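start.txt (compact mmCIF, C-alpha atoms)
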```txt
# COMPACT_ATOMS: atom_id res chain seq x y z
CA MET P 1 135.42 141.38 88.98
CA GLY P 2 133.20 140.63 91.97
CA PHE P 3 129.58 139.57 91.93
CA SER P 4 126.80 141.68 93.40
CA ASP P 5 124.73 140.29 96.24
CA ASN P 6 121.79 139.69 93.90
CA SER P 7 124.04 137.82 91.47
CA LYS P 8 125.30 135.58 94.28
CA GLY P 9 121.72 134.91 95.38
CA LEU P 10 120.69 134.15 91.80
CA ILE P 11 123.54 131.66 91.28
CA LEU P 12 122.84 129.95 94.62
CA ALA P 13 119.10 129.73 93.90
CA VAL P 14 119.65 128.19 90.46
CA ALA P 15 122.16 125.72 91.92
CA SER P 16 119.69 124.90 94.68
CA SER P 17 116.96 124.07 92.14
CA ALA P 18 119.35 121.86 90.17
CA PHE P 19 120.36 119.91 93.28
CA ILE P 20 116.81 119.54 94.60
CA GLY P 21 115.44 118.52 91.19
CA SER P 22 118.18 115.92 90.81
CA SER P 23 117.56 114.59 94.32
CA PHE P 24 114.03 113.49 93.36
CA ILE P 25 115.46 111.27 90.62
CA LEU P 26 118.24 109.80 92.76
CA LYS P 27 115.81 109.02 95.59
CA LYS P 28 113.31 107.52 93.15
CA LYS P 29 115.95 105.19 91.66
CA GLY P 30 117.10 104.27 95.17
CA LEU P 31 113.52 103.50 96.21
CA LYS P 32 113.06 101.31 93.14
CA ARG P 33 116.21 99.35 93.92
CA ALA P 34 115.21 98.94 97.56
CA GLY P 35 111.70 97.86 96.60
CA SER P 36 113.04 95.14 94.30
CA SER P 37 114.86 93.44 97.19
CA GLY P 38 112.63 94.27 100.17
CA THR P 39 109.42 95.91 101.31
CA ARG P 40 108.52 98.99 99.28
CA ALA P 41 108.35 102.37 101.01
CA GLY P 42 104.86 102.85 99.61
CA VAL P 43 103.56 100.04 101.82
CA GLY P 44 105.54 100.92 104.92
CA GLY P 45 108.99 99.47 104.22
CA TYR P 46 112.26 101.11 105.23
CA THR P 47 114.79 99.06 103.27
CA TYR P 48 115.63 102.21 101.29
CA LEU P 49 117.67 103.31 104.31
CA LEU P 50 120.24 100.69 103.26
CA GLU P 51 120.34 101.91 99.66
CA PRO P 52 123.37 104.16 98.83
CA LEU P 53 121.56 105.79 95.90
CA TRP P 54 118.75 106.97 98.20
CA TRP P 55 121.32 108.50 100.55
CA ALA P 56 122.96 110.20 97.57
CA GLY P 57 119.59 111.75 96.83
CA MET P 58 119.22 112.82 100.45
CA ILE P 59 122.66 114.45 100.48
CA THR P 60 121.89 116.19 97.18
CA MET P 61 118.63 117.53 98.61
CA ILE P 62 120.37 118.78 101.77
CA VAL P 63 122.98 120.57 99.66
CA GLY P 64 120.20 122.17 97.63
CA GLU P 65 118.30 123.29 100.72
CA VAL P 66 121.46 124.78 102.26
CA ALA P 67 122.18 126.66 99.03
CA ASN P 68 118.59 127.93 99.01
CA PHE P 69 118.89 129.09 102.63
CA VAL P 70 122.13 130.97 101.92
CA ALA P 71 120.58 132.51 98.79
CA TYR P 72 118.08 134.34 101.00
CA VAL P 73 121.02 135.97 102.80
CA TYR P 74 122.20 137.66 99.59
CA ALA P 75 119.02 138.24 97.57
CA PRO P 76 115.41 139.17 98.38
CA ALA P 77 112.75 136.47 98.54
CA VAL P 78 111.02 137.90 95.48
CA LEU P 79 114.07 136.86 93.44
CA VAL P 80 114.94 133.55 95.15
CA THR P 81 111.54 131.94 95.74
CA PRO P 82 110.25 131.80 92.12
CA LEU P 83 113.49 130.12 91.04
CA GLY P 84 112.50 127.15 93.19
CA ALA P 85 110.13 126.23 90.36
CA LEU P 86 113.19 125.33 88.26
CA SER P 87 113.52 122.16 90.36
CA ILE P 88 110.27 120.95 88.76
CA ILE P 89 111.68 121.36 85.27
CA VAL P 90 114.96 119.69 86.26
CA SER P 91 113.25 116.66 87.82
CA ALA P 92 110.78 116.33 84.93
CA CYS P 93 113.56 116.40 82.32
CA LEU P 94 115.72 113.92 84.24
CA ALA P 95 112.73 111.63 84.83
CA HIS P 96 112.01 111.68 81.09
CA PHE P 97 115.49 110.44 80.22
CA MET P 98 116.54 108.42 83.29
CA LEU P 99 113.27 106.90 84.52
CA LYS P 100 111.41 106.78 81.20
CA GLU P 101 108.47 108.58 82.77
CA ARG P 102 106.68 110.36 79.93
CA ILE P 103 104.78 113.60 80.39
CA GLN P 104 101.66 114.06 78.30
CA LYS P 105 101.14 117.33 76.45
CA MET P 106 98.43 118.47 78.84
CA GLY P 107 100.72 117.52 81.72
CA VAL P 108 103.28 119.98 80.36
CA VAL P 109 100.56 122.63 80.22
CA GLY P 110 99.61 121.85 83.81
CA CYS P 111 103.24 122.07 84.92
CA VAL P 112 103.69 125.46 83.24
CA THR P 113 100.40 126.67 84.73
CA CYS P 114 101.50 125.66 88.21
CA ILE P 115 104.80 127.48 87.82
CA ALA P 116 103.11 130.59 86.41
CA GLY P 117 100.60 130.70 89.27
CA SER P 118 103.31 130.24 91.87
CA VAL P 119 105.37 133.03 90.33
CA VAL P 120 102.37 135.36 90.40
CA ILE P 121 101.81 134.62 94.09
CA VAL P 122 105.44 135.24 94.98
CA ILE P 123 105.81 138.41 92.89
CA HIS P 124 102.80 140.03 94.51
CA ALA P 125 103.55 138.75 98.01
CA PRO P 126 104.16 141.63 100.43
CA GLN P 127 107.48 142.19 102.13
CA GLU P 128 107.46 140.77 105.64
CA GLN P 129 109.09 142.38 108.64
CA THR P 130 111.80 140.13 110.02
CA PRO P 131 111.49 139.59 113.80
CA SER P 132 114.45 140.77 115.86
CA SER P 133 114.45 137.96 118.44
CA VAL P 134 113.20 134.47 119.14
CA ARG P 135 110.91 135.89 121.81
CA GLU P 136 109.24 138.09 119.20
CA ILE P 137 108.67 135.04 116.98
CA TRP P 138 107.24 133.19 119.95
CA THR P 139 104.76 136.04 120.48
CA LEU P 140 103.70 135.79 116.85
CA ALA P 141 103.47 131.99 117.06
CA THR P 142 101.18 132.08 120.10
CA GLN P 143 98.68 134.59 118.70
CA PRO P 144 95.15 133.11 118.43
CA ALA P 145 94.94 133.19 114.63
CA PHE P 146 98.12 131.16 114.17
CA LEU P 147 97.24 128.76 116.98
CA ILE P 148 93.99 128.04 115.12
CA TYR P 149 95.99 127.40 111.94
CA VAL P 150 98.31 125.02 113.80
CA ALA P 151 95.36 123.17 115.36
CA ALA P 152 93.63 122.86 111.98
CA THR P 153 96.85 121.68 110.32
CA LEU P 154 97.53 118.98 112.91
CA SER P 155 93.89 117.85 112.80
CA ILE P 156 93.98 117.46 109.01
CA VAL P 157 97.31 115.63 109.19
CA LEU P 158 95.93 113.19 111.77
CA ALA P 159 92.84 112.61 109.62
CA LEU P 160 95.00 111.96 106.55
CA VAL P 161 97.31 109.59 108.43
CA LEU P 162 94.68 107.64 110.37
CA HIS P 163 91.71 107.59 107.98
CA PHE P 164 92.64 108.47 104.41
CA GLU P 165 96.11 106.93 104.06
CA PRO P 166 95.02 103.31 104.67
CA ARG P 167 92.16 103.70 102.17
CA TYR P 168 93.40 106.06 99.48
CA GLY P 169 97.15 106.49 100.01
CA GLN P 170 98.08 104.17 97.13
CA THR P 171 95.66 105.76 94.64
CA ASN P 172 95.41 109.46 95.51
CA ILE P 173 98.61 111.52 95.38
CA LEU P 174 97.07 114.31 97.48
CA VAL P 175 97.07 112.14 100.62
CA TYR P 176 100.85 111.74 100.97
CA LEU P 177 101.68 115.18 99.58
CA GLY P 178 99.01 116.81 101.72
CA ILE P 179 100.76 115.50 104.84
CA CYS P 180 104.16 116.66 103.52
CA SER P 181 102.93 120.13 102.62
CA LEU P 182 100.96 120.77 105.81
CA MET P 183 103.90 119.75 107.98
CA GLY P 184 106.19 121.69 105.67
CA SER P 185 104.42 124.96 106.40
CA LEU P 186 105.19 124.44 110.10
CA THR P 187 108.75 123.46 109.23
CA VAL P 188 109.38 126.78 107.49
CA VAL P 189 108.20 128.77 110.50
CA SER P 190 110.41 126.75 112.85
CA ILE P 191 113.47 126.88 110.62
CA LYS P 192 113.08 130.63 110.21
CA ALA P 193 113.06 131.00 113.99
CA ILE P 194 116.20 128.85 114.22
CA GLY P 195 117.89 130.88 111.48
CA ILE P 196 117.16 134.15 113.29
CA ALA P 197 118.49 132.65 116.52
CA ILE P 198 121.73 131.60 114.81
CA LYS P 199 122.16 134.98 113.12
CA LEU P 200 121.56 136.93 116.35
CA THR P 201 123.88 134.63 118.29
CA LEU P 202 126.66 135.15 115.73
CA ASP P 203 126.07 138.90 116.05
CA GLY P 204 126.69 138.66 119.80
CA ILE P 205 123.08 138.48 121.00
CA ASN P 206 122.87 135.00 122.49
CA GLN P 207 119.58 133.19 121.76
CA ILE P 208 120.67 129.67 122.70
CA ALA P 209 119.66 130.08 126.33
CA TYR P 210 116.01 130.71 125.45
CA PRO P 211 113.79 127.59 125.67
CA GLN P 212 111.83 128.86 122.66
CA THR P 213 114.87 128.23 120.46
CA TRP P 214 115.01 124.57 121.49
CA PHE P 215 111.24 124.25 121.10
CA PHE P 216 111.42 125.46 117.50
CA LEU P 217 114.37 123.10 116.89
CA THR P 218 112.35 120.14 118.19
CA VAL P 219 109.31 121.07 116.08
CA ALA P 220 111.49 121.44 112.98
CA ALA P 221 113.07 118.00 113.53
CA ILE P 222 109.68 116.29 113.95
CA CYS P 223 108.20 118.03 110.91
CA VAL P 224 111.20 117.29 108.68
CA ILE P 225 111.19 113.58 109.60
CA THR P 226 107.46 113.38 108.89
CA GLN P 227 107.89 115.15 105.56
CA LEU P 228 110.67 112.83 104.43
CA ASN P 229 108.74 109.71 105.41
CA TYR P 230 105.64 110.60 103.40
CA LEU P 231 107.56 112.15 100.52
CA ASN P 232 109.37 108.80 100.14
CA LYS P 233 106.01 107.03 100.04
CA ALA P 234 104.75 109.45 97.39
CA LEU P 235 107.89 109.02 95.26
CA ASP P 236 107.70 105.23 95.54
CA THR P 237 104.01 105.14 94.59
CA PHE P 238 103.51 107.82 91.94
CA ASN P 239 105.23 109.23 88.87
CA THR P 240 108.08 111.58 89.77
CA ALA P 241 107.03 114.05 87.07
CA ILE P 242 103.76 114.48 88.94
CA VAL P 243 105.04 114.32 92.53
CA SER P 244 107.54 117.15 92.05
CA PRO P 245 105.24 119.90 90.70
CA VAL P 246 102.23 119.02 92.86
CA TYR P 247 104.39 118.97 95.98
CA TYR P 248 105.97 122.30 95.03
CA VAL P 249 102.58 123.93 94.46
CA MET P 250 100.98 122.62 97.66
CA PHE P 251 104.03 123.36 99.79
CA THR P 252 104.39 126.91 98.41
CA THR P 253 100.70 127.65 98.81
CA LEU P 254 100.45 126.44 102.40
CA THR P 255 103.70 128.15 103.36
CA ILE P 256 102.42 131.48 102.06
CA ILE P 257 99.14 131.00 103.94
CA ALA P 258 101.00 130.23 107.17
CA SER P 259 103.23 133.27 106.68
CA VAL P 260 100.25 135.54 106.01
CA ILE P 261 98.50 134.38 109.17
CA MET P 262 101.54 134.48 111.43
CA PHE P 263 103.24 137.64 110.20
CA LYS P 264 100.06 139.48 109.06
CA ASP P 265 101.54 140.14 105.62
CA TRP P 266 98.24 141.32 104.13
CA SER P 267 97.64 143.99 106.76
CA GLY P 268 99.54 146.64 104.79
CA GLN P 269 98.78 145.43 101.26
CA ASN P 270 96.41 147.09 98.82
CA ALA P 271 93.45 145.43 97.12
CA SER P 272 95.30 145.06 93.82
CA GLY P 273 98.08 143.02 95.41
CA ILE P 274 95.65 140.77 97.26
CA ALA P 275 93.59 140.25 94.08
CA SER P 276 96.74 139.30 92.18
CA GLU P 277 97.61 136.71 94.82
CA ILE P 278 94.10 135.25 94.66
CA CYS P 279 94.42 134.96 90.88
CA GLY P 280 97.72 133.21 91.41
CA PHE P 281 96.04 130.72 93.75
CA ILE P 282 93.34 130.00 91.16
CA THR P 283 96.00 129.48 88.50
CA VAL P 284 97.91 127.09 90.75
CA LEU P 285 94.74 125.15 91.53
CA SER P 286 93.94 124.83 87.81
CA GLY P 287 97.41 123.55 87.05
CA THR P 288 97.22 121.03 89.87
CA ILE P 289 93.91 119.67 88.55
CA ILE P 290 95.35 119.34 85.03
CA LEU P 291 98.44 117.54 86.31
CA HIS P 292 96.43 115.17 88.47
CA ALA P 293 93.93 114.40 85.69
CA THR P 294 96.60 113.66 83.07
CA ARG P 295 99.11 111.77 85.19
CA GLU P 296 100.56 108.65 83.61
CA GLN P 297 98.99 105.44 84.90
CA GLU P 298 101.06 102.35 85.55
CA PRO P 299 100.09 99.55 83.11
CA PRO P 300 98.04 96.89 84.92
CA PRO P 301 99.10 93.24 84.77
CA PRO P 302 97.46 91.13 82.01
CA VAL P 303 94.04 89.87 83.03
CA GLY P 304 93.79 86.11 83.28
CA THR P 305 97.51 85.38 83.51
CA VAL P 306 98.17 82.09 85.31
CA THR P 307 101.58 80.45 85.79
CA TRP P 308 102.35 76.88 86.89
CA TYR P 309 105.71 75.46 87.99
CA VAL P 310 105.86 72.04 86.29
CA SER P 311 108.36 70.00 88.31
CA GLY P 312 108.37 67.53 91.10
CA ASP P 313 111.19 69.31 92.91
CA SER P 314 109.69 72.16 94.89
CA MET P 315 113.16 73.44 95.85
CA LYS P 316 114.04 74.57 92.32
CA SER P 317 114.15 78.27 91.53
CA PRO P 318 111.62 79.73 89.05
CA GLU P 319 114.43 80.11 86.47
CA GLU P 320 115.02 76.34 86.58
CA GLU P 321 111.37 75.43 86.16
CA HIS P 322 109.41 74.77 82.95
CA LEU P 323 106.73 77.46 82.88
CA ILE P 324 103.32 77.29 81.27
CA THR P 325 101.49 80.61 81.01
CA LEU P 326 97.87 81.13 79.97
CA ARG P 327 97.06 84.71 78.96
CA SER P 328 93.42 84.33 78.07
CA SER P 329 90.66 84.59 80.64
CA GLU P 330 88.68 81.93 78.73
CA TYR P 331 90.52 79.16 80.60
CA TYR P 332 89.14 79.99 84.02
CA GLU P 333 86.28 81.73 85.69
CA PRO P 334 87.05 84.93 87.63
```

Please re-express this file's structure in structure tokens.
Amino acid sequence: MGFSDNSKGLILAVASSAFIGSSFILKKKGLKRAGSSGTRAGVGGYTYLLEPLWWAGMITMIVGEVANFVAYVYAPAVLVTPLGALSIIVSACLAHFMLKERIQKMGVVGCVTCIAGSVVIVIHAPQEQTPSSVREIWTLATQPAFLIYVAATLSIVLALVLHFEPRYGQTNILVYLGICSLMGSLTVVSIKAIGIAIKLTLDGINQIAYPQTWFFLTVAAICVITQLNYLNKALDTFNTAIVSPVYYVMFTTLTIIASVIMFKDWSGQNASGIASEICGFITVLSGTIILHATREQEPPPPVGTVTWYVSGDSMKSPEEEHLITLRSSEYYEP
């Protein structure tokens, strides 16, 4: 008995969420291992590139993204896109058991709220008209409204990278994930153009010769590399149970905005549909605030802890030394 196209899309979408959710945990464990023996990714290190577990996470994520891409071939976006929220549940559950990262009760409420808001946005999103050539996408990409969006996106990314990251990157999760999500919205547009070019070429309408195809490929490569770099920093700095849902919400929101501007999705939609999407945005925003306000803080080191190495031989390792530790701040002045 064969599967229907929607069933194939459903299976691929669920598998995609499982792979992507698992990849967050694998990459997190790889980043922790790399950080214990070298410079952490959160402060600019790249030793994680030598960590096999991080690469296992990368491969798992790639498999998930490929499965998600193929799912859109068989099933409509209204079925596939909401299932992406399952990756949040997968990563949160795995983080609970494998990384010992606990989610507070209000954090669970925030996670559910984010998922609910995202589902509302996707369900009421209008059906877009798929362009028939790369040239048609290029025409849409060079319209004034989308050029303004691109300029605003790149300006915000530069401000986050140059001004906010050095000051608030280690304390505010929105800095790293803001960069990832903004660049991600441009990635989706570029990858969609590449996908259309591949599909048309396989159908006998060659799109490889057009320079626009290679332009979109270059943009996609730059955006993906930027996303991965800052997503690694976010994973290395903050709780995975918070990174995953906040990134999903921000990425989904900005991608929908970019799609609405570029493809004019709202032009043929009624007021009820638009109002439903706005309610979905408000719900997502509320969930994000709850998640950010209830995120688990790392325990600070004990105040006033001082350690001496009592030995005349400075070449001895700390394990070979006799250690004296004072844990009360009464013994010294801050």

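For the set P:Leu147, P:Ile205, P:Ala275, P:Leu160, the residue with the smallest atom-to-atom gap to P:Leu186 is P:Leu147, counting only C-alpha atoms.
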
Original post:
In Å, how far is it from atom CA of P:Phe216 to atom CA of P:Ile198?
Top reply: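 We find that atom CA of P:Phe216 and atom CA of P:Ile198 lie 12.3 Å from each other.
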
**OP:** Please provide the set of residues having any atom within 7 Å of stretch 225-240 of chain P, restricted to only C-alpha atoms, with same-chain residues fewer than 6 positions apart removed, written as a list in words.
**Re:**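 Everything that qualifies: Lys28, Leu31, Ala41, Gly42, Ala95, Glu101, Gln170, Ile173, Tyr176, Leu177, Cys180, Met183 and Gly184 of chain P.
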
Residue neighbourhood P:Phe19, 6 Å, all atoms listed in the file, exclusion window fewer than 2 positions, as a PDB file with C-alpha atoms, in the coordinates of the input:
```pdb
ATOM      1  CA  SER P  16     119.690 124.900  94.680  1.00  0.00           C
ATOM      2  CA  SER P  17     116.960 124.070  92.140  1.00  0.00           C
ATOM      3  CA  GLY P  21     115.440 118.520  91.190  1.00  0.00           C
ATOM      4  CA  SER P  22     118.180 115.920  90.810  1.00  0.00           C
ATOM      5  CA  THR P  60     121.890 116.190  97.180  1.00  0.00           C
ATOM      6  CA  GLY P  64     120.200 122.170  97.630  1.00  0.00           C
TER       7      GLY P  64
END
```

**OP:** Please measure the separation of atom CA of P:Thr255 and atom CA of P:Val188, giving the value in Å to one decimal.
**Re:** 7.2 Å

Original post:
What does the distance from atom CA of P:Ile88 to atom CA of P:Ser23 come to in Å, to one decimal?
Top reply: 11.2 Å

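Minimum distance to P:Ile123 across P:Leu83, P:Tyr149, P:Val66, P:Thr171 (counting only C-alpha atoms) occurs at P:Leu83.
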
Original post:
Out of P:Gly84, P:Gly57, P:Gly280, P:Pro131, which residue has the shortest atom-to-atom distance to P:Tyr248 when counting only C-alpha atoms?
Top reply: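 Among the listed residues, the smallest separation from P:Tyr248 belongs to P:Gly84.
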
Subject >> Residues within 12 Å of (99.0, 131.7, 108.1), counting only C-alpha atoms, listed as a VMD selection string >> reply: chain P and resid 140 to 141 143 to 153 182 185 to 186 188 to 189 253 to 266
